[in-house]
file query35.csv (CSV, C-alpha atoms)
chain,number,residue,atom,x,y,z
A,1,MET,CA,-8.0,-15.1,-0.8
A,2,GLU,CA,-8.1,-11.5,-2.0
A,3,LYS,CA,-5.8,-10.8,-5.0
A,4,THR,CA,-3.5,-7.9,-4.3
A,5,CYS,CA,-2.1,-5.2,-6.6
A,6,VAL,CA,0.9,-3.1,-5.5
A,7,PHE,CA,1.3,0.0,-7.5
A,8,LEU,CA,4.9,1.0,-8.2
A,9,ALA,CA,5.9,4.4,-9.4
A,10,ASP,CA,9.5,5.7,-9.9
A,11,GLY,CA,10.8,6.9,-6.6
A,12,PHE,CA,8.8,4.4,-4.4
A,13,GLU,CA,10.2,3.4,-1.0
A,14,GLU,CA,11.6,-0.1,-1.7
A,15,GLY,CA,11.0,-1.6,1.7
A,16,GLU,CA,7.4,-0.3,1.9
A,17,ALA,CA,6.6,-2.1,-1.4
A,18,LEU,CA,8.7,-5.2,-1.1
A,19,ILE,CA,8.1,-6.2,2.5
A,20,PRO,CA,4.3,-6.4,1.9
A,21,VAL,CA,4.9,-8.3,-1.3
A,22,ASP,CA,7.2,-10.7,0.4
A,23,LEU,CA,5.0,-11.4,3.4
A,24,LEU,CA,1.8,-11.7,1.3
A,25,ARG,CA,3.5,-14.2,-1.0
A,26,ARG,CA,4.8,-16.2,2.0
A,27,ALA,CA,1.1,-16.4,3.0
A,28,GLY,CA,0.2,-17.8,-0.4
A,29,ALA,CA,-1.5,-14.6,-1.6
A,30,HIS,CA,-1.6,-13.7,-5.3
A,31,VAL,CA,0.3,-10.4,-5.5
A,32,THR,CA,0.9,-8.4,-8.7
A,33,MET,CA,3.5,-5.6,-8.6
A,34,ALA,CA,2.1,-3.2,-11.2
A,35,SER,CA,4.2,-0.4,-12.8
A,36,ILE,CA,2.2,2.7,-13.4
A,37,SER,CA,4.6,3.8,-16.1
A,38,SER,CA,5.2,2.3,-19.6
A,39,SER,CA,8.1,0.3,-18.3
A,40,LEU,CA,8.3,-2.9,-16.2
A,41,ALA,CA,11.5,-1.6,-14.7
A,42,VAL,CA,10.7,0.8,-11.8
A,43,GLN,CA,13.5,2.6,-9.9
A,44,GLY,CA,13.0,3.0,-6.2
A,45,SER,CA,13.9,6.1,-4.2
A,46,HIS,CA,17.3,4.6,-3.1
A,47,GLY,CA,18.4,3.5,-6.6
A,48,ILE,CA,17.1,-0.1,-6.5
A,49,THR,CA,15.4,-1.1,-9.7
A,50,VAL,CA,12.5,-3.6,-9.4
A,51,GLN,CA,11.0,-5.5,-12.2
A,52,ALA,CA,7.3,-5.2,-12.0
A,53,ASP,CA,5.0,-8.2,-12.8
A,54,ALA,CA,2.8,-6.2,-15.2
A,55,LEU,CA,1.9,-2.7,-16.4
A,56,ALA,CA,-1.0,-1.3,-14.4
A,57,SER,CA,-2.6,-0.1,-17.6
A,58,SER,CA,-2.8,-3.7,-18.9
A,59,LEU,CA,-4.5,-5.2,-15.9
A,60,SER,CA,-8.2,-5.7,-15.2
A,61,LEU,CA,-8.0,-4.0,-11.8
A,62,ASP,CA,-11.6,-5.1,-10.9
A,63,GLU,CA,-10.3,-8.6,-10.1
A,64,PHE,CA,-8.2,-7.3,-7.2
A,65,GLY,CA,-9.5,-7.0,-3.6
A,66,LEU,CA,-6.6,-5.1,-2.1
A,67,LEU,CA,-4.7,-2.2,-3.5
A,68,VAL,CA,-1.3,-1.2,-1.9
A,69,LEU,CA,0.3,2.2,-2.3
A,70,PRO,CA,3.9,2.4,-1.1
A,71,GLY,CA,5.3,5.7,0.0
A,72,GLY,CA,8.6,7.3,-0.7
A,73,MET,CA,9.6,10.4,-2.6
A,74,PRO,CA,9.1,11.2,-5.4
A,75,GLY,CA,7.1,7.9,-5.7
A,76,THR,CA,4.1,9.2,-3.8
A,77,LEU,CA,4.0,12.3,-6.0
A,78,ASN,CA,4.2,10.2,-9.1
A,79,LEU,CA,1.3,8.0,-7.8
A,80,LEU,CA,-0.7,11.2,-7.2
A,81,LYS,CA,-0.1,12.4,-10.7
A,82,SER,CA,-1.5,9.3,-12.3
A,83,GLU,CA,-5.1,9.4,-13.3
A,84,LEU,CA,-5.1,5.5,-13.4
A,85,VAL,CA,-4.0,5.5,-9.7
A,86,LYS,CA,-6.6,8.1,-8.6
A,87,GLN,CA,-9.4,6.5,-10.5
A,88,THR,CA,-8.5,3.0,-9.2
A,89,VAL,CA,-8.3,4.3,-5.6
A,90,LEU,CA,-11.7,6.0,-5.9
A,91,GLN,CA,-13.3,2.9,-7.4
A,92,PHE,CA,-11.9,0.6,-4.7
A,93,ALA,CA,-13.2,3.0,-2.1
A,94,GLN,CA,-16.7,3.2,-3.7
A,95,LYS,CA,-16.8,-0.6,-3.8
A,96,GLU,CA,-15.5,-0.9,-0.3
A,97,LYS,CA,-12.5,-2.9,-1.4
A,98,TRP,CA,-9.3,-2.7,0.7
A,99,VAL,CA,-6.9,0.2,0.1
A,100,ALA,CA,-3.6,0.3,2.0
A,101,ALA,CA,-1.1,3.2,2.0
A,102,ILE,CA,2.1,3.7,3.9
A,103,CYS,CA,4.4,6.5,4.8
A,104,ALA,CA,3.6,9.5,2.5
A,105,ALA,CA,1.0,7.6,0.4
A,106,PRO,CA,-1.9,8.1,2.8
A,107,SER,CA,-1.7,11.7,1.7
A,108,ILE,CA,-3.1,10.5,-1.7
A,109,LEU,CA,-6.2,9.2,0.2
A,110,GLY,CA,-6.4,12.6,2.0
A,111,GLU,CA,-6.2,14.5,-1.2
A,112,LEU,CA,-8.9,12.4,-2.8
A,113,GLY,CA,-11.2,13.2,0.2
A,114,LEU,CA,-11.3,9.6,1.4
A,115,LEU,CA,-9.9,10.1,5.0
A,116,GLN,CA,-12.6,12.6,6.1
A,117,GLY,CA,-13.5,11.6,9.7
A,118,ARG,CA,-11.4,8.4,9.5
A,119,LYS,CA,-8.6,7.3,11.8
A,120,ALA,CA,-5.2,7.2,9.9
A,121,THR,CA,-1.5,7.4,10.3
A,122,CYS,CA,1.3,8.5,8.0
A,123,TYR,CA,4.8,9.9,7.8
A,124,PRO,CA,5.0,13.1,9.9
A,125,THR,CA,5.7,15.5,6.9
A,126,ALA,CA,2.6,14.1,5.1
A,127,GLU,CA,0.1,14.8,7.9
A,128,GLU,CA,-1.0,18.2,6.5
A,129,LYS,CA,-2.1,16.5,3.3
A,130,CYS,CA,-4.2,13.9,5.0
A,131,THR,CA,-7.1,16.2,4.8
A,132,GLY,CA,-9.9,15.5,7.3
A,133,ALA,CA,-8.2,12.5,8.9
A,134,LEU,CA,-8.2,11.8,12.6
A,135,LEU,CA,-4.4,11.3,12.7
A,136,THR,CA,-2.8,9.0,15.1
A,137,ARG,CA,0.9,8.1,15.7
A,138,GLU,CA,0.2,4.4,15.6
A,139,GLU,CA,2.4,2.2,13.4
A,140,VAL,CA,-0.6,0.8,11.5
A,141,CYS,CA,-4.2,2.0,11.6
A,142,THR,CA,-7.3,0.4,10.1
A,143,ASP,CA,-10.5,2.3,9.6
A,144,GLY,CA,-13.2,0.7,7.5
A,145,HIS,CA,-11.5,-0.7,4.3
A,146,PHE,CA,-8.5,1.7,4.7
A,147,ILE,CA,-5.2,0.6,6.2
A,148,THR,CA,-2.5,3.2,6.7
A,149,GLY,CA,1.1,2.8,7.9
A,150,ARG,CA,3.4,5.3,9.5
A,151,GLY,CA,6.6,4.7,7.5
A,152,LEU,CA,9.3,2.2,6.6
A,153,GLY,CA,9.8,1.4,10.3
A,154,ALA,CA,6.2,0.1,10.3
A,155,ALA,CA,6.5,-1.9,7.1
A,156,ILE,CA,6.5,-5.3,8.9
A,157,PRO,CA,3.4,-4.7,11.0
A,158,PHE,CA,1.8,-3.0,8.0
A,159,ALA,CA,2.5,-6.1,5.9
A,160,LEU,CA,1.3,-8.5,8.7
A,161,THR,CA,-2.0,-6.5,8.8
A,162,LEU,CA,-2.4,-7.0,5.0
A,163,VAL,CA,-1.7,-10.7,5.5
A,164,ASN,CA,-4.4,-10.8,8.1
A,165,VAL,CA,-6.8,-9.2,5.6
A,166,VAL,CA,-6.2,-11.5,2.7
A,167,ALA,CA,-5.2,-14.8,4.4
A,168,GLY,CA,-6.6,-14.5,8.0
A,169,PRO,CA,-5.2,-14.5,11.5
A,170,ALA,CA,-3.7,-18.0,11.4
A,171,ASP,CA,-1.5,-17.1,8.4
A,172,ARG,CA,-0.6,-13.8,10.0
A,173,GLN,CA,0.6,-15.6,13.1
A,174,ARG,CA,2.4,-18.3,11.0
A,175,ILE,CA,4.2,-15.6,9.0
A,176,LYS,CA,5.0,-13.6,12.1
A,177,ASP,CA,6.6,-16.7,13.7
A,178,ALA,CA,8.4,-17.6,10.5
A,179,ILE,CA,10.2,-14.3,10.2
A,180,VAL,CA,10.8,-14.2,14.0
A,181,TYR,CA,9.0,-10.9,14.4
A,182,PRO,CA,8.8,-10.2,18.1
A,183,TYR,CA,5.8,-8.0,18.5
call {"tool": "encode", "arguments": {"input": "query35.csv", "output": "structure tokens"}}
result
Amino acid sequence: MEKTCVFLADGFEEGEALIPVDLLRRAGAHVTMASISSSLAVQGSHGITVQADALASSLSLDEFGLLVLPGGMPGTLNLLKSELVKQTVLQFAQKEKWVAAICAAPSILGELGLLQGRKATCYPTAEEKCTGALLTREEVCTDGHFITGRGLGAAIPFALTLVNVVAGPADRQRIKDAIVYPY
């Protein structure tokens, strides 16, 4: 099962980070919430403070097979300002490891040139920054090793897609049934 790292930056969208963490952990996945700052306490865009599991700078990021970038403002901008985040995303892309981004966060992939000619979805106001992407209005879109989600309303199908990647379709169905998700 792929180990998952969820980057947290001040201003992240709480649901877009915590729903994937919750559903992945229900599937038995090893998930690390990693603060990109120097503090384990990370404040979300709606004033909810989350205690990260580790500082991203202290992790060996090579051991992870899935990287998750939650959206939110100014969380997405804070992720984009981080050299650690940008270098990690580029390394994951080069090694064809899974990179998942939701809401405004797919714009980070666009700004790094990783969406060129790829199908992707994102929050409507972030579309112009998804440079080169073949944009869709789907809730969740997978192209190669990139998974993108439209926004908070798509957090559950986004998370279930991640469960499918790290744990397989049987666990995806088990989690979907356990949370009584109808679609």
call {"tool": "residues_around", "arguments": {"input": "query35.csv", "residues": "region 18-29 of chain A", "least_positions_apart": "2", "cutoff": "7 Å", "atoms": "all atoms listed in the file", "output": "list of chain:residue names"}}
result
A:Met1, A:Lys3, A:Glu14, A:Gly15, A:Glu16, A:Val31, A:Ala155, A:Ile156, A:Ala159, A:Val163, A:Ala167, A:Asp171, A:Ile175
call {"tool": "residues_near_point", "arguments": {"input": "query35.csv", "point": "(0.1, 14.6, -8.1)", "cutoff": "12 Å", "atoms": "all atoms listed in the file", "output": "JSON, numbers by chain"}}
result
{"A": [9, 73, 74, 75, 76, 77, 78, 79, 80, 81, 82, 83, 84, 85, 86, 105, 107, 108, 109, 111, 112, 129]}
call {"tool": "atom_distance", "arguments": {"input": "query35.csv", "atom1": "CA of Gly47 (chain A)", "atom2": "CA of Ile102 (chain A)"}}
result
19.4 Å
call {"tool": "closest_residue", "arguments": {"input": "query35.csv", "among": "A:His46, A:Arg150, A:Lys97, A:Arg174", "to": "Thr136 (chain A)", "atoms": "all atoms listed in the file"}}
result
A:Arg150
call {"tool": "atom_distance", "arguments": {"input": "query35.csv", "atom1": "CA of Thr131 (chain A)", "atom2": "CA of Gly110 (chain A)"}}
result
4.6 Å
call {"tool": "residues_around", "arguments": {"input": "query35.csv", "residues": "Asp10 (chain A)", "least_positions_apart": "2", "cutoff": "6 Å", "atoms": "all atoms listed in the file", "output": "list in words"}}
result
Phe12, Val42, Gln43, Gly44 and Gly75 of chain A
call {"tool": "atom_distance", "arguments": {"input": "query35.csv", "atom1": "CA of Thr142 (chain A)", "atom2": "CA of Ala34 (chain A)"}}
result
23.6 Å
call {"tool": "closest_residue", "arguments": {"input": "query35.csv", "among": "A:Val140, A:Ala178, A:Ala120, A:Cys130", "to": "Thr161 (chain A)", "atoms": "all atoms listed in the file"}}
result
A:Val140
call {"tool": "residues_around", "arguments": {"input": "query35.csv", "residues": "Cys103 (chain A)", "least_positions_apart": "6", "cutoff": "8 Å", "atoms": "all atoms listed in the file", "output": "PyMOL selection string"}}
result
chain A and resi 16+70-72+122-123+126+148-152
call {"tool": "closest_residue", "arguments": {"input": "query35.csv", "among": "A:Leu162, A:Leu8, A:Ala133, A:Ala17", "to": "Ala54 (chain A)", "atoms": "only C-alpha atoms"}}
result
A:Leu8
call {"tool": "build_atoms", "arguments": {"input": "query35.csv", "residues": "region 79-97 of chain A", "atoms": "N, CA and C atoms", "output": "PDB file, in the coordinates of the input"}}
result
ATOM      1  N   LEU A  79       2.618   8.709  -7.954  1.00  0.00           N
ATOM      2  CA  LEU A  79       1.300   8.000  -7.800  1.00  0.00           C
ATOM      3  C   LEU A  79       0.177   9.025  -7.941  1.00  0.00           C
ATOM      4  N   LEU A  80       0.314  10.140  -7.236  1.00  0.00           N
ATOM      5  CA  LEU A  80      -0.700  11.200  -7.200  1.00  0.00           C
ATOM      6  C   LEU A  80      -0.970  11.801  -8.570  1.00  0.00           C
ATOM      7  N   LYS A  81       0.068  11.860  -9.389  1.00  0.00           N
ATOM      8  CA  LYS A  81      -0.100  12.400 -10.700  1.00  0.00           C
ATOM      9  C   LYS A  81      -0.794  11.515 -11.698  1.00  0.00           C
ATOM     10  N   SER A  82      -0.892  10.254 -11.356  1.00  0.00           N
ATOM     11  CA  SER A  82      -1.500   9.300 -12.300  1.00  0.00           C
ATOM     12  C   SER A  82      -2.993   9.212 -12.164  1.00  0.00           C
ATOM     13  N   GLU A  83      -3.648   9.471 -13.282  1.00  0.00           N
ATOM     14  CA  GLU A  83      -5.100   9.400 -13.300  1.00  0.00           C
ATOM     15  C   GLU A  83      -5.558   7.929 -13.071  1.00  0.00           C
ATOM     16  N   LEU A  84      -4.796   6.954 -13.581  1.00  0.00           N
ATOM     17  CA  LEU A  84      -5.100   5.500 -13.400  1.00  0.00           C
ATOM     18  C   LEU A  84      -5.119   5.236 -11.867  1.00  0.00           C
ATOM     19  N   VAL A  85      -4.114   5.713 -11.156  1.00  0.00           N
ATOM     20  CA  VAL A  85      -4.000   5.500  -9.700  1.00  0.00           C
ATOM     21  C   VAL A  85      -5.220   6.131  -9.009  1.00  0.00           C
ATOM     22  N   LYS A  86      -5.457   7.398  -9.297  1.00  0.00           N
ATOM     23  CA  LYS A  86      -6.600   8.100  -8.600  1.00  0.00           C
ATOM     24  C   LYS A  86      -7.903   7.452  -8.887  1.00  0.00           C
ATOM     25  N   GLN A  87      -8.168   7.107 -10.131  1.00  0.00           N
ATOM     26  CA  GLN A  87      -9.400   6.500 -10.500  1.00  0.00           C
ATOM     27  C   GLN A  87      -9.590   5.107  -9.820  1.00  0.00           C
ATOM     28  N   THR A  88      -8.492   4.356  -9.782  1.00  0.00           N
ATOM     29  CA  THR A  88      -8.500   3.000  -9.200  1.00  0.00           C
ATOM     30  C   THR A  88      -8.801   3.142  -7.668  1.00  0.00           C
ATOM     31  N   VAL A  89      -8.112   4.054  -7.002  1.00  0.00           N
ATOM     32  CA  VAL A  89      -8.300   4.300  -5.600  1.00  0.00           C
ATOM     33  C   VAL A  89      -9.774   4.644  -5.293  1.00  0.00           C
ATOM     34  N   LEU A  90     -10.305   5.556  -6.085  1.00  0.00           N
ATOM     35  CA  LEU A  90     -11.700   6.000  -5.900  1.00  0.00           C
ATOM     36  C   LEU A  90     -12.678   4.834  -6.152  1.00  0.00           C
ATOM     37  N   GLN A  91     -12.415   4.014  -7.167  1.00  0.00           N
ATOM     38  CA  GLN A  91     -13.300   2.900  -7.400  1.00  0.00           C
ATOM     39  C   GLN A  91     -13.225   1.842  -6.319  1.00  0.00           C
ATOM     40  N   PHE A  92     -12.024   1.577  -5.803  1.00  0.00           N
ATOM     41  CA  PHE A  92     -11.900   0.600  -4.700  1.00  0.00           C
ATOM     42  C   PHE A  92     -12.669   1.175  -3.477  1.00  0.00           C
ATOM     43  N   ALA A  93     -12.547   2.452  -3.199  1.00  0.00           N
ATOM     44  CA  ALA A  93     -13.200   3.000  -2.100  1.00  0.00           C
ATOM     45  C   ALA A  93     -14.755   2.938  -2.234  1.00  0.00           C
ATOM     46  N   GLN A  94     -15.232   3.225  -3.431  1.00  0.00           N
ATOM     47  CA  GLN A  94     -16.700   3.200  -3.700  1.00  0.00           C
ATOM     48  C   GLN A  94     -17.210   1.751  -3.537  1.00  0.00           C
ATOM     49  N   LYS A  95     -16.415   0.759  -3.933  1.00  0.00           N
ATOM     50  CA  LYS A  95     -16.800  -0.600  -3.800  1.00  0.00           C
ATOM     51  C   LYS A  95     -16.488  -1.275  -2.491  1.00  0.00           C
ATOM     52  N   GLU A  96     -15.955  -0.470  -1.583  1.00  0.00           N
ATOM     53  CA  GLU A  96     -15.500  -0.900  -0.300  1.00  0.00           C
ATOM     54  C   GLU A  96     -14.538  -2.085  -0.341  1.00  0.00           C
ATOM     55  N   LYS A  97     -13.608  -1.963  -1.295  1.00  0.00           N
ATOM     56  CA  LYS A  97     -12.500  -2.900  -1.400  1.00  0.00           C
ATOM     57  C   LYS A  97     -11.348  -2.290  -0.542  1.00  0.00           C
TER      58      LYS A  97
END
